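The file data.cif contains mmCIF, C-alpha atoms:
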```
data_structure
loop_
_atom_site.label_atom_id
_atom_site.label_comp_id
_atom_site.auth_asym_id
_atom_site.auth_seq_id
_atom_site.Cartn_x
_atom_site.Cartn_y
_atom_site.Cartn_z
CA MET A 1 -9.71 -1.62 35.57
CA ARG A 2 -10.55 -1.15 31.88
CA ILE A 3 -14.18 -1.70 31.02
CA LEU A 4 -15.74 -1.85 27.58
CA VAL A 5 -19.47 -1.19 27.57
CA LEU A 6 -21.44 -2.21 24.51
CA ALA A 7 -24.94 -0.79 24.82
CA ALA A 8 -26.97 1.83 23.00
CA ASP A 9 -28.20 3.70 26.07
CA ALA A 10 -25.35 3.37 28.54
CA ASP A 11 -25.26 6.72 30.34
CA ARG A 12 -26.20 5.29 33.72
CA LEU A 13 -23.77 2.39 33.49
CA GLU A 14 -20.99 4.68 32.32
CA SER A 15 -21.44 7.15 35.16
CA ALA A 16 -21.75 4.40 37.79
CA LEU A 17 -18.66 2.53 36.64
CA SER A 18 -16.59 5.68 36.03
CA ALA A 19 -17.46 6.99 39.49
CA GLY A 20 -15.93 3.83 40.92
CA GLY A 21 -12.62 4.54 39.19
CA GLY A 22 -13.15 2.35 36.14
CA ASP A 23 -11.65 3.38 32.79
CA VAL A 24 -14.86 3.06 30.76
CA THR A 25 -15.18 3.05 26.98
CA VAL A 26 -18.69 2.95 25.52
CA LYS A 27 -19.54 1.65 22.07
CA SER A 28 -23.01 1.32 20.63
CA HIS A 29 -22.24 -1.05 17.72
CA SER A 30 -20.85 -4.56 18.14
CA GLY A 31 -18.62 -4.16 15.06
CA GLU A 32 -16.90 -1.14 16.59
CA ALA A 33 -16.55 -2.91 19.94
CA GLU A 34 -15.03 -6.02 18.37
CA HIS A 35 -12.55 -3.93 16.39
CA LEU A 36 -11.53 -2.16 19.58
CA LEU A 37 -11.08 -5.49 21.34
CA LEU A 38 -8.62 -6.52 18.65
CA CYS A 39 -6.50 -3.45 19.35
CA GLU A 40 -6.80 -2.91 23.09
CA ARG A 41 -6.94 -4.96 26.25
CA PHE A 42 -10.05 -4.68 28.46
CA ASP A 43 -10.56 -6.44 31.80
CA VAL A 44 -14.34 -6.45 31.66
CA ILE A 45 -16.78 -6.45 28.77
CA VAL A 46 -20.28 -5.28 29.71
CA PHE A 47 -22.88 -5.71 26.99
CA HIS A 48 -26.57 -5.54 26.38
CA PRO A 49 -27.69 -8.67 24.47
CA ARG A 50 -29.39 -7.91 21.18
CA SER A 51 -31.87 -10.12 19.42
CA ASP A 52 -30.19 -9.44 16.05
CA ASP A 53 -26.81 -10.66 17.36
CA PRO A 54 -27.61 -13.74 19.50
CA TYR A 55 -24.07 -15.14 19.26
CA PHE A 56 -22.20 -12.14 20.68
CA LEU A 57 -21.61 -13.87 24.05
CA THR A 58 -20.44 -17.04 22.29
CA ARG A 59 -18.00 -15.06 20.16
CA MET A 60 -16.62 -13.23 23.20
CA LEU A 61 -16.13 -16.53 25.05
CA ARG A 62 -14.30 -18.00 22.08
CA ASP A 63 -12.22 -15.01 20.99
CA TYR A 64 -11.41 -13.21 24.24
CA PRO A 65 -10.58 -15.67 27.00
CA GLY A 66 -9.54 -13.98 30.23
CA ARG A 67 -12.03 -11.10 30.03
CA ALA A 68 -14.90 -11.00 32.49
CA LEU A 69 -18.18 -11.00 30.55
CA VAL A 70 -21.01 -9.09 32.18
CA VAL A 71 -24.52 -8.84 30.74
CA TRP A 72 -26.56 -5.69 31.22
CA LEU A 73 -30.36 -6.04 31.16
CA ARG A 74 -32.76 -3.19 31.69
CA SER A 75 -35.12 -5.57 33.45
CA SER A 76 -34.44 -9.17 34.27
CA SER A 77 -36.26 -12.35 35.06
CA SER A 78 -34.98 -15.41 36.84
CA PRO A 79 -35.12 -17.72 33.78
CA ARG A 80 -33.30 -15.13 31.63
CA VAL A 81 -30.54 -14.65 34.23
CA SER A 82 -30.11 -18.43 34.61
CA GLU A 83 -29.95 -18.83 30.84
CA LEU A 84 -27.20 -16.18 30.51
CA LEU A 85 -25.14 -17.56 33.40
CA ASP A 86 -25.42 -21.06 31.96
CA ALA A 87 -24.28 -19.72 28.59
CA GLY A 88 -21.03 -18.50 30.18
CA ALA A 89 -21.68 -14.95 31.43
CA ASP A 90 -19.76 -14.09 34.60
CA GLU A 91 -22.42 -11.71 35.93
CA VAL A 92 -25.81 -10.30 35.02
CA LEU A 93 -26.74 -6.72 35.93
CA ASP A 94 -30.12 -5.09 35.66
CA GLY A 95 -31.65 -1.64 35.85
CA THR A 96 -33.11 -2.18 39.33
CA MET A 97 -29.65 -2.27 40.96
CA ASP A 98 -28.28 0.95 42.40
CA ASP A 99 -24.88 2.36 41.31
CA HIS A 100 -22.99 0.82 44.26
CA GLU A 101 -24.33 -2.65 43.53
CA LEU A 102 -23.58 -2.33 39.81
CA LEU A 103 -20.00 -1.36 40.57
CA ALA A 104 -19.51 -4.07 43.21
CA ARG A 105 -20.82 -6.77 40.87
CA VAL A 106 -18.55 -5.62 38.01
CA ARG A 107 -15.54 -5.57 40.34
CA ASN A 108 -16.42 -9.03 41.57
CA ALA A 109 -16.75 -10.33 38.02
CA ALA A 110 -13.33 -8.86 37.18
CA ARG A 111 -11.77 -10.55 40.23
CA HIS A 112 -13.31 -13.93 39.60
CA GLY A 113 -13.55 -13.76 35.84
CA ARG A 114 -11.85 -16.34 33.72
CA ARG A 115 -8.08 -16.09 33.67
CA PRO A 116 -5.99 -17.08 30.68
CA ALA A 117 -4.57 -20.49 31.33
CA SER A 118 -0.80 -20.24 31.32
CA HIS A 119 0.79 -23.46 30.20
CA THR A 120 4.06 -24.68 28.83
CA LEU A 121 4.45 -26.45 25.52
CA GLU A 122 7.38 -28.78 25.10
CA ILE A 123 8.68 -30.05 21.80
CA GLY A 124 11.93 -31.90 22.25
CA ASP A 125 14.13 -29.52 24.22
CA LEU A 126 12.09 -26.50 23.19
CA ARG A 127 9.87 -24.97 25.85
CA ILE A 128 7.31 -22.33 25.00
CA VAL A 129 5.29 -20.56 27.66
CA SER A 130 1.79 -19.74 26.47
CA PRO A 131 0.30 -17.17 26.03
CA SER A 132 3.45 -14.98 26.12
CA GLY A 133 5.24 -17.24 23.64
CA LYS A 134 8.58 -16.90 25.47
CA ALA A 135 10.66 -19.74 24.12
CA SER A 136 13.82 -21.42 25.34
CA TRP A 137 16.00 -24.16 23.91
CA ARG A 138 17.84 -26.35 26.42
CA GLY A 139 17.28 -23.65 29.04
CA GLU A 140 18.59 -20.79 26.88
CA LEU A 141 16.04 -18.07 26.14
CA LEU A 142 15.68 -17.55 22.38
CA PRO A 143 16.05 -13.90 21.29
CA LEU A 144 12.77 -13.70 19.40
CA THR A 145 10.64 -10.64 18.71
CA ARG A 146 6.99 -10.54 19.77
CA ARG A 147 5.82 -11.49 16.26
CA GLU A 148 8.36 -14.31 15.93
CA ARG A 149 7.30 -15.70 19.32
CA GLY A 150 3.69 -15.59 18.19
CA VAL A 151 4.46 -17.42 14.95
CA LEU A 152 6.47 -20.09 16.79
CA LEU A 153 3.68 -20.58 19.32
CA ALA A 154 1.04 -20.87 16.57
CA LEU A 155 3.14 -23.54 14.83
CA ALA A 156 4.01 -25.38 18.04
CA GLU A 157 0.36 -25.57 19.10
CA ALA A 158 -0.47 -27.37 15.86
CA ALA A 159 2.05 -30.11 16.76
CA GLY A 160 3.54 -30.80 13.33
CA GLU A 161 0.39 -30.06 11.33
CA THR A 162 0.44 -27.43 8.60
CA VAL A 163 -0.92 -24.09 9.80
CA PRO A 164 -2.31 -21.90 6.99
CA ARG A 165 -0.76 -18.43 6.68
CA GLU A 166 -4.15 -16.79 7.27
CA VAL A 167 -4.56 -18.67 10.58
CA ILE A 168 -1.07 -17.69 11.77
CA TYR A 169 -1.76 -14.06 10.84
CA ARG A 170 -5.10 -14.02 12.66
CA LYS A 171 -3.50 -15.48 15.81
CA VAL A 172 -0.43 -13.28 15.85
CA TRP A 173 -1.61 -9.97 14.37
CA GLY A 174 -5.22 -10.25 15.53
CA TYR A 175 -6.68 -9.25 12.16
CA SER A 176 -7.66 -10.93 8.92
CA MET A 177 -4.76 -11.30 6.49
CA VAL A 178 -4.90 -9.33 3.27
CA ARG A 179 -4.23 -11.34 0.11
CA GLY A 180 -0.63 -10.71 -0.91
CA ASP A 181 0.57 -9.77 2.57
CA ARG A 182 4.03 -11.25 3.20
CA SER A 183 4.14 -10.57 6.94
CA VAL A 184 3.96 -14.25 7.90
CA ASP A 185 6.65 -15.20 5.37
CA VAL A 186 8.97 -12.43 6.55
CA ASN A 187 8.63 -13.50 10.17
CA VAL A 188 9.01 -17.19 9.35
CA LYS A 189 12.24 -16.39 7.51
CA ARG A 190 13.60 -14.52 10.52
CA LEU A 191 12.44 -17.28 12.85
CA ARG A 192 14.19 -19.91 10.73
CA ASP A 193 17.42 -17.90 10.81
CA LYS A 194 17.26 -17.52 14.58
CA LEU A 195 16.41 -21.19 15.19
CA GLU A 196 19.33 -22.21 13.01
CA GLN A 197 21.65 -19.74 14.68
CA ALA A 198 20.69 -21.08 18.11
CA GLU A 199 21.19 -24.65 16.81
CA VAL A 200 17.61 -25.55 17.67
CA GLU A 201 16.83 -28.99 16.31
CA LEU A 202 13.50 -27.91 14.90
CA ARG A 203 12.74 -26.72 11.41
CA VAL A 204 9.91 -24.69 9.94
CA ARG A 205 8.88 -26.39 6.72
CA THR A 206 6.87 -24.71 3.97
CA SER A 207 3.68 -26.35 2.77
CA PRO A 208 3.57 -24.74 -0.69
CA GLY A 209 0.57 -22.52 -1.25
CA VAL A 210 -0.83 -23.22 2.22
CA GLY A 211 1.38 -22.33 5.16
CA TYR A 212 4.01 -23.72 7.49
CA ARG A 213 4.59 -26.55 9.94
CA LEU A 214 7.09 -27.17 12.68
CA ILE A 215 9.02 -30.42 12.59
CA ILE A 216 11.71 -31.98 14.72
CA GLN A 217 15.02 -32.11 12.93
CA ILE A 218 16.74 -35.37 13.67
CA THR A 219 20.47 -34.87 13.71
CA LYS A 220 22.51 -37.78 12.49
CA PRO A 221 25.11 -39.02 14.95
CA ALA A 222 28.64 -38.14 13.89
CA GLU A 223 30.07 -40.94 11.82
CA THR A 224 32.98 -42.69 13.40
CA PRO A 225 35.97 -42.75 11.10
CA VAL A 226 36.65 -46.11 9.56
CA ALA A 227 40.24 -47.16 9.29
CA ILE A 228 41.13 -48.42 5.85
CA LEU A 229 43.67 -51.10 6.05
CA MET B 1 20.03 36.21 -19.88
CA ARG B 2 22.06 35.85 -23.08
CA PHE B 3 20.93 33.82 -26.05
CA SER B 4 23.56 31.74 -27.74
CA LEU B 5 23.63 31.65 -31.53
CA VAL B 6 25.89 28.59 -31.54
CA PRO B 7 23.53 25.61 -31.60
CA ARG B 8 24.02 23.11 -28.79
CA GLN B 9 21.33 20.69 -29.95
CA ALA B 10 23.20 17.54 -29.00
CA GLU B 11 23.17 18.66 -25.40
CA PHE B 12 19.38 18.50 -25.24
CA TYR B 13 19.38 14.87 -26.36
CA ASP B 14 22.20 13.98 -23.97
CA LEU B 15 20.29 15.53 -21.09
CA PHE B 16 17.11 13.63 -21.97
CA THR B 17 19.12 10.40 -22.13
CA ARG B 18 20.57 11.15 -18.70
CA ALA B 19 17.09 11.98 -17.31
CA GLY B 20 15.75 8.66 -18.61
CA GLU B 21 18.65 6.70 -17.15
CA ASN B 22 18.17 8.48 -13.84
CA ALA B 23 14.45 7.56 -13.74
CA LEU B 24 15.31 3.93 -14.52
CA GLU B 25 17.95 3.83 -11.79
CA ALA B 26 15.46 5.29 -9.30
CA ALA B 27 12.82 2.70 -10.26
CA ARG B 28 15.32 -0.14 -9.81
CA LEU B 29 16.28 1.19 -6.40
CA VAL B 30 12.67 1.55 -5.30
CA GLU B 31 11.96 -2.01 -6.49
CA LYS B 32 14.90 -3.23 -4.42
CA ARG B 33 13.59 -1.37 -1.37
CA PHE B 34 10.12 -2.89 -1.69
CA ASN B 35 11.50 -6.37 -2.36
CA ASN B 36 13.78 -6.26 0.65
CA ILE B 37 11.37 -4.92 3.32
CA PRO B 38 12.12 -5.01 6.26
CA ASP B 39 15.83 -5.01 5.32
CA THR B 40 16.95 -1.39 5.07
CA THR B 41 20.33 -1.94 3.37
CA VAL B 42 19.09 0.26 0.54
CA GLY B 43 17.99 3.38 2.39
CA GLN B 44 15.63 6.14 1.35
CA LYS B 45 18.58 8.54 1.05
CA ALA B 46 19.81 6.80 -2.09
CA VAL B 47 16.40 7.34 -3.74
CA THR B 48 16.22 10.96 -2.59
CA ASP B 49 19.72 11.56 -4.01
CA LEU B 50 18.46 10.37 -7.41
CA GLU B 51 15.43 12.63 -7.06
CA HIS B 52 17.79 15.59 -6.51
CA LYS B 53 19.89 14.47 -9.46
CA GLY B 54 16.70 14.45 -11.57
CA ASP B 55 15.91 17.99 -10.41
CA ASP B 56 19.40 19.10 -11.49
CA ILE B 57 19.00 17.54 -14.94
CA THR B 58 15.60 19.23 -15.36
CA ALA B 59 17.12 22.55 -14.30
CA GLU B 60 19.92 22.07 -16.86
CA ILE B 61 17.38 21.40 -19.63
CA ILE B 62 15.35 24.48 -18.69
CA GLY B 63 18.53 26.54 -18.47
CA LEU B 64 19.50 25.39 -21.95
CA ILE B 65 16.06 26.32 -23.37
CA ASN B 66 16.46 29.79 -21.91
CA THR B 67 19.88 30.35 -23.42
CA GLN B 68 19.47 28.73 -26.84
CA TYR B 69 18.25 30.67 -29.83
CA VAL B 70 17.63 27.50 -31.78
CA THR B 71 16.30 24.34 -30.11
CA PRO B 72 15.99 20.92 -31.77
CA LEU B 73 12.36 20.54 -30.67
CA ASP B 74 9.60 22.99 -29.71
CA ARG B 75 10.52 24.79 -26.48
CA GLU B 76 7.17 23.90 -24.95
CA ASP B 77 7.64 20.22 -25.80
CA ILE B 78 11.12 20.19 -24.27
CA TYR B 79 9.86 21.88 -21.12
CA SER B 80 6.82 19.59 -20.76
CA LEU B 81 8.86 16.42 -21.35
CA ALA B 82 11.58 17.43 -18.90
CA SER B 83 8.94 18.17 -16.25
CA ALA B 84 7.14 14.86 -16.90
CA ILE B 85 10.33 12.80 -16.44
CA ASP B 86 11.06 14.75 -13.28
CA THR B 87 7.57 13.93 -11.99
CA VAL B 88 8.17 10.18 -12.47
CA VAL B 89 11.16 10.34 -10.13
CA ASP B 90 9.27 12.58 -7.68
CA TYR B 91 6.49 9.99 -7.34
CA LEU B 92 9.01 7.16 -7.03
CA ASP B 93 10.64 9.08 -4.20
CA ASP B 94 7.24 9.68 -2.53
CA ALA B 95 6.23 6.01 -2.67
CA SER B 96 9.58 4.83 -1.37
CA GLU B 97 9.51 7.36 1.47
CA LEU B 98 6.19 5.94 2.70
CA ILE B 99 8.00 2.68 3.64
CA ASP B 100 9.80 4.63 6.36
CA ILE B 101 7.00 7.03 7.27
CA TYR B 102 4.51 4.20 7.83
CA HIS B 103 7.09 1.88 9.44
CA ILE B 104 6.23 -0.88 6.98
CA GLU B 105 7.41 -4.24 8.33
CA SER B 106 6.59 -6.58 5.44
CA PRO B 107 6.03 -6.21 1.70
CA MET B 108 2.83 -6.82 -0.26
CA GLU B 109 2.99 -8.92 -3.41
CA GLN B 110 0.91 -6.35 -5.30
CA ALA B 111 3.40 -3.55 -4.50
CA ILE B 112 6.25 -5.74 -5.73
CA GLU B 113 4.29 -6.27 -8.95
CA GLN B 114 3.79 -2.50 -9.29
CA CYS B 115 7.54 -2.04 -8.91
CA ARG B 116 8.14 -4.57 -11.67
CA ILE B 117 5.82 -2.52 -13.91
CA LEU B 118 7.67 0.65 -12.93
CA VAL B 119 11.07 -0.77 -13.81
CA GLY B 120 9.72 -1.97 -17.17
CA SER B 121 8.03 1.38 -17.88
CA THR B 122 11.07 3.48 -17.05
CA GLU B 123 13.25 1.11 -19.09
CA HIS B 124 11.04 1.74 -22.15
CA LEU B 125 10.96 5.45 -21.32
CA ALA B 126 14.76 5.56 -21.11
CA ASN B 127 15.05 3.72 -24.45
CA ALA B 128 12.57 6.09 -26.08
CA LEU B 129 14.47 9.14 -24.75
CA ASN B 130 17.71 7.66 -25.98
CA GLY B 131 16.20 7.23 -29.43
CA LEU B 132 14.79 10.77 -29.51
CA ARG B 133 17.74 12.18 -31.50
CA GLY B 134 16.98 10.24 -34.67
CA LEU B 135 13.47 9.13 -33.62
CA ARG B 136 14.67 5.58 -34.05
CA GLY B 137 12.57 2.74 -32.57
CA VAL B 138 10.74 5.21 -30.34
CA SER B 139 7.20 4.13 -31.24
CA LYS B 140 7.89 0.50 -30.34
CA GLN B 141 9.04 1.57 -26.87
CA LEU B 142 5.94 3.72 -26.37
CA VAL B 143 3.57 0.88 -27.30
CA ALA B 144 5.31 -1.45 -24.82
CA LEU B 145 5.12 1.22 -22.13
CA LYS B 146 1.37 1.69 -22.70
CA GLN B 147 0.82 -2.07 -22.35
CA LEU B 148 2.65 -2.05 -19.03
CA GLU B 149 0.58 0.89 -17.83
CA ASP B 150 -2.63 -1.06 -18.56
CA GLU B 151 -1.22 -3.99 -16.58
CA GLY B 152 -0.41 -1.57 -13.75
CA ASP B 153 -4.04 -0.38 -13.65
CA ALA B 154 -5.25 -3.97 -13.24
CA ILE B 155 -2.73 -4.59 -10.44
CA LEU B 156 -3.88 -1.44 -8.61
CA ARG B 157 -7.54 -2.46 -8.82
CA ASP B 158 -6.70 -5.92 -7.48
CA ALA B 159 -4.48 -4.52 -4.73
CA ILE B 160 -7.07 -2.07 -3.42
CA GLY B 161 -9.83 -4.67 -3.74
CA ALA B 162 -7.78 -7.08 -1.62
CA LEU B 163 -7.60 -4.50 1.19
CA PHE B 164 -11.39 -4.40 1.40
CA GLU B 165 -12.22 -8.08 0.90
CA ASP B 166 -12.66 -8.68 4.64
CA ASP B 167 -14.06 -6.33 7.29
CA LYS B 168 -11.59 -7.59 9.92
CA VAL B 169 -8.52 -6.21 8.15
CA SER B 170 -6.43 -3.79 10.25
CA PRO B 171 -7.55 -0.22 9.43
CA ARG B 172 -3.96 0.91 9.91
CA LEU B 173 -2.80 -1.51 7.22
CA ILE B 174 -5.52 -0.30 4.83
CA ILE B 175 -4.44 3.34 5.25
CA GLN B 176 -0.75 2.52 4.80
CA TRP B 177 -1.03 0.33 1.74
CA LYS B 178 -3.76 2.30 -0.07
CA ASP B 179 -1.44 5.32 0.05
CA ILE B 180 1.57 3.31 -1.13
CA TYR B 181 -0.32 1.61 -3.98
CA GLU B 182 -1.61 4.99 -5.14
CA ALA B 183 1.83 6.60 -4.99
CA LEU B 184 3.32 3.76 -7.06
CA GLU B 185 0.44 4.04 -9.52
CA ALA B 186 1.04 7.80 -9.79
CA ALA B 187 4.64 7.05 -10.81
CA ILE B 188 3.44 4.55 -13.43
CA ASP B 189 0.90 7.07 -14.76
CA SER B 190 3.49 9.83 -14.98
CA ALA B 191 5.74 7.56 -17.06
CA GLU B 192 2.79 7.16 -19.43
CA THR B 193 2.31 10.96 -19.52
CA ALA B 194 5.97 11.32 -20.53
CA ALA B 195 5.39 8.67 -23.21
CA HIS B 196 2.42 10.65 -24.62
CA LEU B 197 4.61 13.75 -24.88
CA ILE B 198 7.30 11.78 -26.70
CA GLY B 199 4.58 10.44 -29.03
CA ASN B 200 3.51 14.02 -29.86
CA ILE B 201 7.12 14.98 -30.51
CA VAL B 202 7.51 12.02 -32.88
CA VAL B 203 4.37 13.03 -34.83
CA LYS B 204 5.51 16.65 -35.10
CA ASN B 205 9.03 15.88 -36.19
CA SER B 206 8.77 12.89 -38.48
#
```

In structure tokens, how does this file's structure come out?
Amino acid sequence: MRILVLAADADRLESALSAGGGDVTVKSHSGEAEHLLLCERFDVIVFHPRSDDPYFLTRMLRDYPGRALVVWLRSSSSPRVSELLDAGADEVLDGTMDDHELLARVRNAARHGRRPASHTLEIGDLRIVSPSGKASWRGELLPLTRRERGVLLALAEAAGETVPREVIYRKVWGYSMVRGDRSVDVNVKRLRDKLEQAEVELRVRTSPGVGYRLIIQITKPAETPVAIL
Amino acid sequence: MRFSLVPRQAEFYDLFTRAGENALEAARLVEKRFNNIPDTTVGQKAVTDLEHKGDDITAEIIGLINTQYVTPLDREDIYSLASAIDTVVDYLDDASELIDIYHIESPMEQAIEQCRILVGSTEHLANALNGLRGLRGVSKQLVALKQLEDEGDAILRDAIGALFEDDKVSPRLIIQWKDIYEALEAAIDSAETAAHLIGNIVVKNS
């Protein structure tokens, strides 16, 4: 179980959770923690709420679905605990709990924490399984790379609407796009080639200066030859 | 080492022409590599081969200085200019090699712009070296090269600024591209250094 702890004074938490076999990483600044979350996968995020960053829990709920969110308070009160649970926290720990209880509550939060909803998107005969992005056309798995799958999923989720390059990049690469970066364009080009090669009746259209959209390509029925008399 | 009393002045000019053409060819190849990322049809080996060819030309020029009693230009000027042209190709090779070292998957528009500047600069440099024999039309080439170098500075500032516009940019990407932009800029700057040396030669010999 990988646990990210975001708290300034986390020695006790770290030793309690590590003793229980958790792979614990401690960060004292939210910026550092959020950067780490972009790069690595954690099962549980334990954090101490700070008055200067009141939206940390909201951001975690929005940006990292599937991670158990556990709040660490040095001392708690019933109204504060209720408020945090109502706001979406999976568990609230406090300094009065002994090490065994801390560990048991974190384990429980990890077991019952929110799971990413796996669902299938269907566009014509194209099926994409989210969040993996594995795509198949008429039952045949498309040989797409991880990035290409991500780009296709981002476009498919927008259901024909234009998706700006920056949004695709953020979803697929997990970072902000640098001005001038051609990563999205390169992957769209490859995706187009592969869709065409697999005779997928979908096309990725360019919205000049903005981004891309996925549209269904309607194939014309073969014309029947007309006999000229 | 034996000094030759039979002047072989034309050889110096021919070698400078070849060095200029070699730098231009390397710049074109590097531009192709940056334009075509992630396609690796043009591999780094082709660029490194030109870098070695540049080294050989420089060695020939230095060998000729050491064996000639009479040289068409000051020995120091010949040596400095040969080294400066060699440095242009060295930096081109360095920048191009970073594509492989950093496993770059997609190009950046600013790097493509820098490559355009490099091709233009080395083209003017090659023309100036070709005109060295009679000092014909050299100044015009040097002015054009200087203008391109100024444009290159602006592109570098914009490129590095873009990397730091947002604090959620991948740190890995910042490291990779800052190095590449700076290597390309070093190649542009060294073309300008070569141009300054040619300018001095023109002043001394006209």

Where does the PyMOL selection byres ((chain A) within 10 of (chain B)) land in this file, that is, which residues does it pick, as a PyMOL selection string? chain A and resi 31+34-35+38-39+170+173-187

Could you tell me which residues the PyMOL selection byres ((chain A and resi 194) around 12) returns for this structure, as a PyMOL selection string? chain A and resi 135-137+141-145+148-149+152+187-193+195-204

One number please: atom CA of A:Leu4 to atom CA of A:Leu153, in Å, one decimal.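 That distance, rounded to one decimal, is 28.2 Å.
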
Give me the result of the PyMOL selection byres ((chain B and resi 53-67) around 12) on this file, residue by residue, as a PyMOL selection string. chain B and resi 1-26+46-52+68-93

Smallest atom-to-atom distance to B:Leu125: which of B:Ile99, B:Leu184, B:Ala191, B:Val143, using all atoms listed in the file? B:Ala191

To one decimal place, how far is atom CA of A:Val71 from atom CA of A:His48 in Å? 5.8 Å

Distance atom CA of A:Asp86-atom CA of A:Arg111, one decimal place?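 Between atom CA of A:Asp86 and atom CA of A:Arg111 the gap works out to 19.1 Å.
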
Box time for stretch 91-104 of chain A: axis-aligned, enclosing all its listed atoms, 4 Å extra on each side; report centre and edge lengths in Å to one decimal, as lines of an AutoDock Vina configuration file.
```
center_x = -26.3
center_y = -4.7
center_z = 39.6
size_x = 21.6
size_y = 22.1
size_z = 17.2
```

B:Arg157 proximity check over B:Thr193, B:Ser139, B:Gln114, B:Asn130, using only C-alpha atoms: winner is B:Gln114
